[in-house]
Structures are given as C-alpha cells and as structure tokens.
$ cat final-v1.cif   # mmCIF, C-alpha atoms and all ligand atoms
data_structure
#
loop_
_atom_site.label_atom_id
_atom_site.label_comp_id
_atom_site.auth_asym_id
_atom_site.auth_seq_id
_atom_site.Cartn_x
_atom_site.Cartn_y
_atom_site.Cartn_z
CA MET A 902 4.41 -16.39 -7.78
CA ASN A 903 5.98 -13.04 -6.92
CA TYR A 904 8.41 -12.57 -4.08
CA TYR A 905 8.64 -9.03 -2.64
CA ALA A 906 11.66 -7.90 -0.64
CA ALA A 907 14.27 -5.17 -0.23
CA ARG A 908 17.39 -6.28 -2.12
CA GLN A 909 20.92 -4.97 -2.46
CA ARG A 910 22.15 -4.37 -5.99
CA ASP A 911 25.28 -6.28 -7.02
CA GLU A 912 26.83 -3.42 -8.96
CA ASP A 913 26.80 -0.54 -6.44
CA LYS A 914 25.50 -2.12 -3.20
CA LYS A 915 22.53 0.29 -3.07
CA TRP A 916 19.10 -0.98 -2.08
CA ASP A 917 15.80 -1.23 -3.96
CA TYR A 918 12.46 -2.65 -2.97
CA THR A 919 12.00 -5.38 -5.53
CA CYS A 920 9.80 -8.05 -6.98
CA MET A 921 11.25 -11.39 -8.06
CA ASN A 922 9.66 -13.94 -10.32
CA ASP A 923 11.20 -16.83 -12.24
CA GLY A 924 14.72 -15.77 -11.36
CA ARG A 925 14.17 -12.22 -12.60
CA THR A 926 14.31 -9.27 -10.20
CA TRP A 927 13.10 -5.74 -10.80
CA PRO A 928 12.54 -2.61 -8.66
CA THR A 929 8.91 -2.07 -7.71
CA GLY A 930 6.82 0.72 -6.13
CA TYR A 931 8.55 4.10 -6.14
CA CYS A 932 11.92 2.41 -6.63
CA SER A 933 10.84 1.63 -10.19
CA LYS A 934 10.79 4.09 -13.06
CA PHE A 935 7.62 6.12 -13.54
CA LEU A 936 5.24 4.82 -16.16
CA GLU A 937 2.50 7.10 -17.42
CA ALA A 938 -0.90 5.75 -16.35
CA LYS A 939 -2.95 4.34 -19.19
CA HIS A 940 -6.65 3.62 -19.30
CA HIS A 941 -7.53 -0.07 -19.60
CA THR A 942 -9.04 0.55 -23.01
CA GLU A 943 -5.50 1.55 -24.12
CA GLY A 944 -3.85 -1.50 -22.59
CA GLY A 945 -3.26 -0.03 -19.11
CA TYR A 946 -4.51 -0.96 -15.66
CA PHE A 947 -6.56 2.11 -14.86
CA HIS A 948 -10.32 2.31 -15.05
CA THR A 949 -11.13 5.92 -14.16
CA GLN A 950 -9.70 9.32 -14.98
CA GLU A 951 -9.50 9.94 -11.24
CA SER A 952 -7.17 6.96 -10.70
CA ILE A 953 -5.06 8.03 -13.71
CA ASP A 954 -4.69 11.58 -12.33
CA LYS A 955 -3.82 10.21 -8.90
CA HIS A 956 -1.09 7.93 -10.27
CA ASN A 957 0.39 10.66 -12.47
CA GLY A 958 0.36 13.06 -9.49
CA PHE A 959 3.04 10.95 -7.78
CA LYS A 960 5.37 11.07 -10.79
CA ASP A 961 8.21 12.83 -8.92
CA LYS A 962 8.43 10.14 -6.26
CA TYR A 963 9.51 7.43 -8.71
CA GLY A 964 13.06 6.19 -9.18
CA PRO A 965 15.54 5.00 -9.91
CA HIS A 966 16.60 5.55 -6.27
CA ASN A 967 19.86 4.92 -4.48
CA HIS A 968 18.81 3.83 -1.01
CA GLY A 969 21.74 3.40 1.37
CA THR A 970 19.99 0.88 3.62
CA LYS A 971 17.45 -1.91 3.52
CA GLU A 972 15.19 0.04 5.93
CA GLU A 973 15.17 3.04 3.59
CA ALA A 974 14.07 0.83 0.69
CA MET A 975 11.30 -0.68 2.84
CA ASP A 976 10.12 2.79 3.90
CA CYS A 977 10.07 3.79 0.24
CA TYR A 978 7.71 0.91 -0.57
CA LYS A 979 5.59 1.70 2.48
CA ASP A 980 5.16 5.28 1.26
CA TYR A 981 4.19 3.90 -2.15
CA LEU A 982 1.52 1.63 -0.64
CA LEU A 983 0.16 4.42 1.59
CA ASP A 984 -0.12 6.72 -1.45
CA ASN A 985 -1.37 4.24 -4.01
CA ASP A 986 -2.88 1.21 -2.35
CA LEU A 987 -4.53 2.39 0.88
CA LYS A 988 -8.33 2.45 0.73
CA PHE A 989 -10.91 3.15 3.41
CA TYR A 990 -14.33 1.54 3.51
CA PRO A 991 -16.46 3.28 6.13
CA TYR A 992 -19.57 1.28 6.89
CA LYS A 993 -22.76 2.80 5.66
CA LYS A 994 -24.71 4.58 8.37
CA SER A 995 -27.58 2.12 8.05
CA GLU A 996 -25.27 -0.81 8.76
CA GLU A 997 -23.67 1.02 11.64
CA LYS A 998 -27.04 1.42 13.34
CA ASN A 999 -27.71 -2.29 13.17
CA PRO A 1000 -25.50 -3.94 15.78
CA ALA A 1001 -26.23 -7.36 14.31
CA VAL A 1002 -24.50 -6.33 11.11
CA ARG A 1003 -21.50 -4.36 12.35
CA LYS A 1004 -19.51 -3.41 15.44
CA GLU A 1005 -18.11 -6.88 15.88
CA TYR A 1006 -14.57 -5.72 16.40
CA ARG A 1007 -12.77 -3.20 18.52
CA CYS A 1008 -10.66 -0.69 16.64
CA GLN A 1009 -7.24 -2.22 15.98
CA PHE A 1010 -5.31 0.96 16.62
CA GLY A 1011 -3.11 0.75 19.71
CA SER A 1012 -5.15 0.66 22.89
CA CYS A 1013 -8.18 2.35 21.29
CA GLU A 1014 -11.37 1.13 23.00
CA SER A 1015 -13.88 2.21 20.34
CA TYR A 1016 -15.70 -0.17 18.07
CA GLU A 1017 -14.92 -0.25 14.38
CA THR A 1018 -16.88 1.99 12.04
CA GLY A 1019 -15.14 0.88 8.89
CA LEU A 1020 -12.27 -0.95 7.25
CA ALA A 1021 -8.95 -0.02 5.75
CA ASN A 1022 -7.25 -2.14 3.09
CA ILE A 1023 -3.57 -1.97 2.24
CA ASP A 1024 -1.26 -4.50 0.62
CA HIS A 1025 -3.95 -7.20 0.81
CA ARG A 1026 -4.34 -6.70 4.55
CA THR A 1027 -7.49 -5.47 6.29
CA TYR A 1028 -7.77 -3.38 9.44
CA HIS A 1029 -10.89 -2.70 11.51
CA LEU A 1030 -10.90 0.92 12.68
CA CYS A 1031 -13.04 3.52 14.43
CA ASP A 1032 -13.80 6.94 12.86
CA ARG A 1033 -10.83 8.58 14.50
CA HIS A 1034 -8.33 6.04 13.22
CA GLN A 1035 -9.40 5.73 9.60
CA THR A 1036 -6.42 7.86 8.65
CA ARG A 1037 -3.19 7.46 6.75
CA GLU A 1038 -1.24 8.26 9.94
CA ALA A 1039 -2.90 5.45 11.92
CA ILE A 1040 -2.31 2.93 9.15
CA SER A 1041 1.28 4.06 8.80
CA SER A 1042 1.97 3.12 12.41
CA LEU A 1043 0.01 -0.17 12.26
CA PHE A 1044 1.47 -1.59 9.14
CA GLU A 1045 5.02 -2.64 8.28
CA VAL A 1046 6.52 -3.58 4.95
CA GLY A 1047 8.59 -6.71 4.97
CA GLU A 1048 9.09 -9.66 2.69
CA ALA A 1049 6.13 -11.41 1.13
CA TRP A 1050 5.17 -14.13 -1.28
CA SER A 1051 2.13 -13.52 -3.39
CA SER A 1052 0.32 -15.10 -6.26
CA TYR A 1053 -0.79 -11.80 -7.82
ZN ZN B 1101 12.88 3.68 -3.52
ZN ZN B 1102 -9.70 3.77 17.10
#
$ encode --input "final-v1.cif" --output "structure tokens" --more "lines below"
Ligand SMILES: [Zn+2]
Ligand SMILES: [Zn+2]
Amino acid sequence: MNYYAARQRDEDKKWDYTCMNDGRTWPTGYCSKFLEAKHHTEGGYFHTQESIDKHNGFKDKYGPHNHGTKEEAMDCYKDYLLDNDLKFYPYKKSEEKNPAVRKEYRCQFGSCESYETGLANIDHRTYHLCDRHQTREAISSLFEVGEAWSSY
C-alpha cells in the first residue's frame, strides 16, 4: 500500500510531494530525481520509443526541489500528472453515432451542457467530456491533487 501526500522535510522544512510505504518516504513525481527512461526489455517500465522520448523530454522538470509550501508541492505533482499521466480516449465515430452505446453522460466540465464524446484518465480517475473540453486546461481545473492511498 502506497500513501501519497505532500510532506515537510525534517532537515530544512521544505516540502516535497512524496510516497510512503512501510515506514519509508521518498519524493515522487517531479520532486524526485530524474531517471532515464528504459525500455521494458532492459528492465524499465516503458514499452514504446514514443513513451521513452516523452519521459526524457521532461528531464529538466525533475528535482530535487525546495518547495516553500505544501500547495507548491501539490501543484508540482499535479503538473507531473498532467504531463505524464493524462490520457484522452475520444469515442470512435461509429460509437458516437449510436446513442445506445454512448452519450450517456453530460460533459463534466463546469456548467457545460454538451454530451460526452470521450473520456480523460488521470491519476486513476475518469472524466466524461465533450470535444471542447478534452484538453489539458479543462482537466487542470477539474482535478486536484491531495492525499491518497493506493495499492499500486
Ligand atoms: Zn517538486
Ligand atoms: Zn464540455
């Protein structure tokens, strides 16, 4: 079980977004040190060259950081998730044309009245969104980083 939260360091009172497991705590997301992406055949987690290039493209955003506040550390992790974890799944046109299959939900963005035309996934959460709101900006305003338990 992993526990995710912003935590203050004992030594200098700066903040990191961290993961805790079995009494051990370590910085995660961009608060951690950059590790070169490795293909799964070399013992890494990445399955395509595209995902490796994407990960390595964010190299300069990695820490260690010295966040002055808890909110800053949470924003740092949010930026990490928006860059690295956010995925859109627009429904295929054929499904969209069949109302029995899709269009069950209104778009979840603000007071948007349109029906969903696809999904967005981030941090193990799913959002139903219309064409206009399948964007990083919309997700950024819908989704907040906090504290979470997880089994992954
Ligand atoms: Zn950070
Ligand atoms: Zn919408």
$ closest_residue --input "final-v1.cif" --among "A:Cys932, A:Ala1049, A:Leu987, A:Ala938" --to "A:Arg1037" --atoms "all atoms listed in the file"
A:Leu987
$ residues_around --input "final-v1.cif" --residues "A:Asn903" --least-positions-apart "5" --cutoff "12 Å" --atoms "all atoms listed in the file" --output "list of chain:residue names"
A:Thr919, A:Cys920, A:Met921, A:Asn922, A:Asp923, A:Gly924, A:Arg925, A:Thr926, A:Trp927, A:Thr929, A:Glu1048, A:Ala1049, A:Trp1050, A:Ser1051, A:Ser1052, A:Tyr1053
$ atom_distance --input "final-v1.cif" --atom1 "atom CA of A:Leu1043" --atom2 "atom CA of A:Lys962"
22.8 Å
$ closest_residue --input "final-v1.cif" --among "A:Ala1021, A:Ser1042, A:Gln1009, A:Gly1047" --to "ligand ZN 1102 (chain B)" --atoms "all atoms listed in the file"
A:Gln1009
$ residues_near_ligand --input "final-v1.cif" --ligand "ligand ZN 1102 (chain B)" --cutoff "7 Å" --atoms "all atoms listed in the file" --output "PDB file with C-alpha atoms, in the frame of the given file"
ATOM      1  CA  CYS A1008     -10.660  -0.690  16.640  1.00  0.00           C
ATOM      2  CA  GLN A1009      -7.240  -2.220  15.980  1.00  0.00           C
ATOM      3  CA  PHE A1010      -5.310   0.960  16.620  1.00  0.00           C
ATOM      4  CA  CYS A1013      -8.180   2.350  21.290  1.00  0.00           C
ATOM      5  CA  GLU A1014     -11.370   1.130  23.000  1.00  0.00           C
ATOM      6  CA  SER A1015     -13.880   2.210  20.340  1.00  0.00           C
ATOM      7  CA  LEU A1030     -10.900   0.920  12.680  1.00  0.00           C
ATOM      8  CA  CYS A1031     -13.040   3.520  14.430  1.00  0.00           C
ATOM      9  CA  ASP A1032     -13.800   6.940  12.860  1.00  0.00           C
ATOM     10  CA  ARG A1033     -10.830   8.580  14.500  1.00  0.00           C
ATOM     11  CA  HIS A1034      -8.330   6.040  13.220  1.00  0.00           C
TER      12      HIS A1034
END
$ residues_around --input "final-v1.cif" --residues "A:His941" --least-positions-apart "5" --cutoff "12 Å" --atoms "all atoms listed in the file" --output "VMD selection string"
chain A and resid 946 to 950 952 to 953
$ residues_near_ligand --input "final-v1.cif" --ligand "ligand ZN 1101 (chain B)" --cutoff "7 Å" --atoms "all atoms listed in the file" --output "ChimeraX atom specification"
/A:917-918,931-932,964,966,968,974,977-978
$ closest_residue --input "final-v1.cif" --among "A:Asn1022, A:Gln909, A:Ser1012, A:Asn957" --to "A:Met975" --atoms "only C-alpha atoms"
A:Gln909
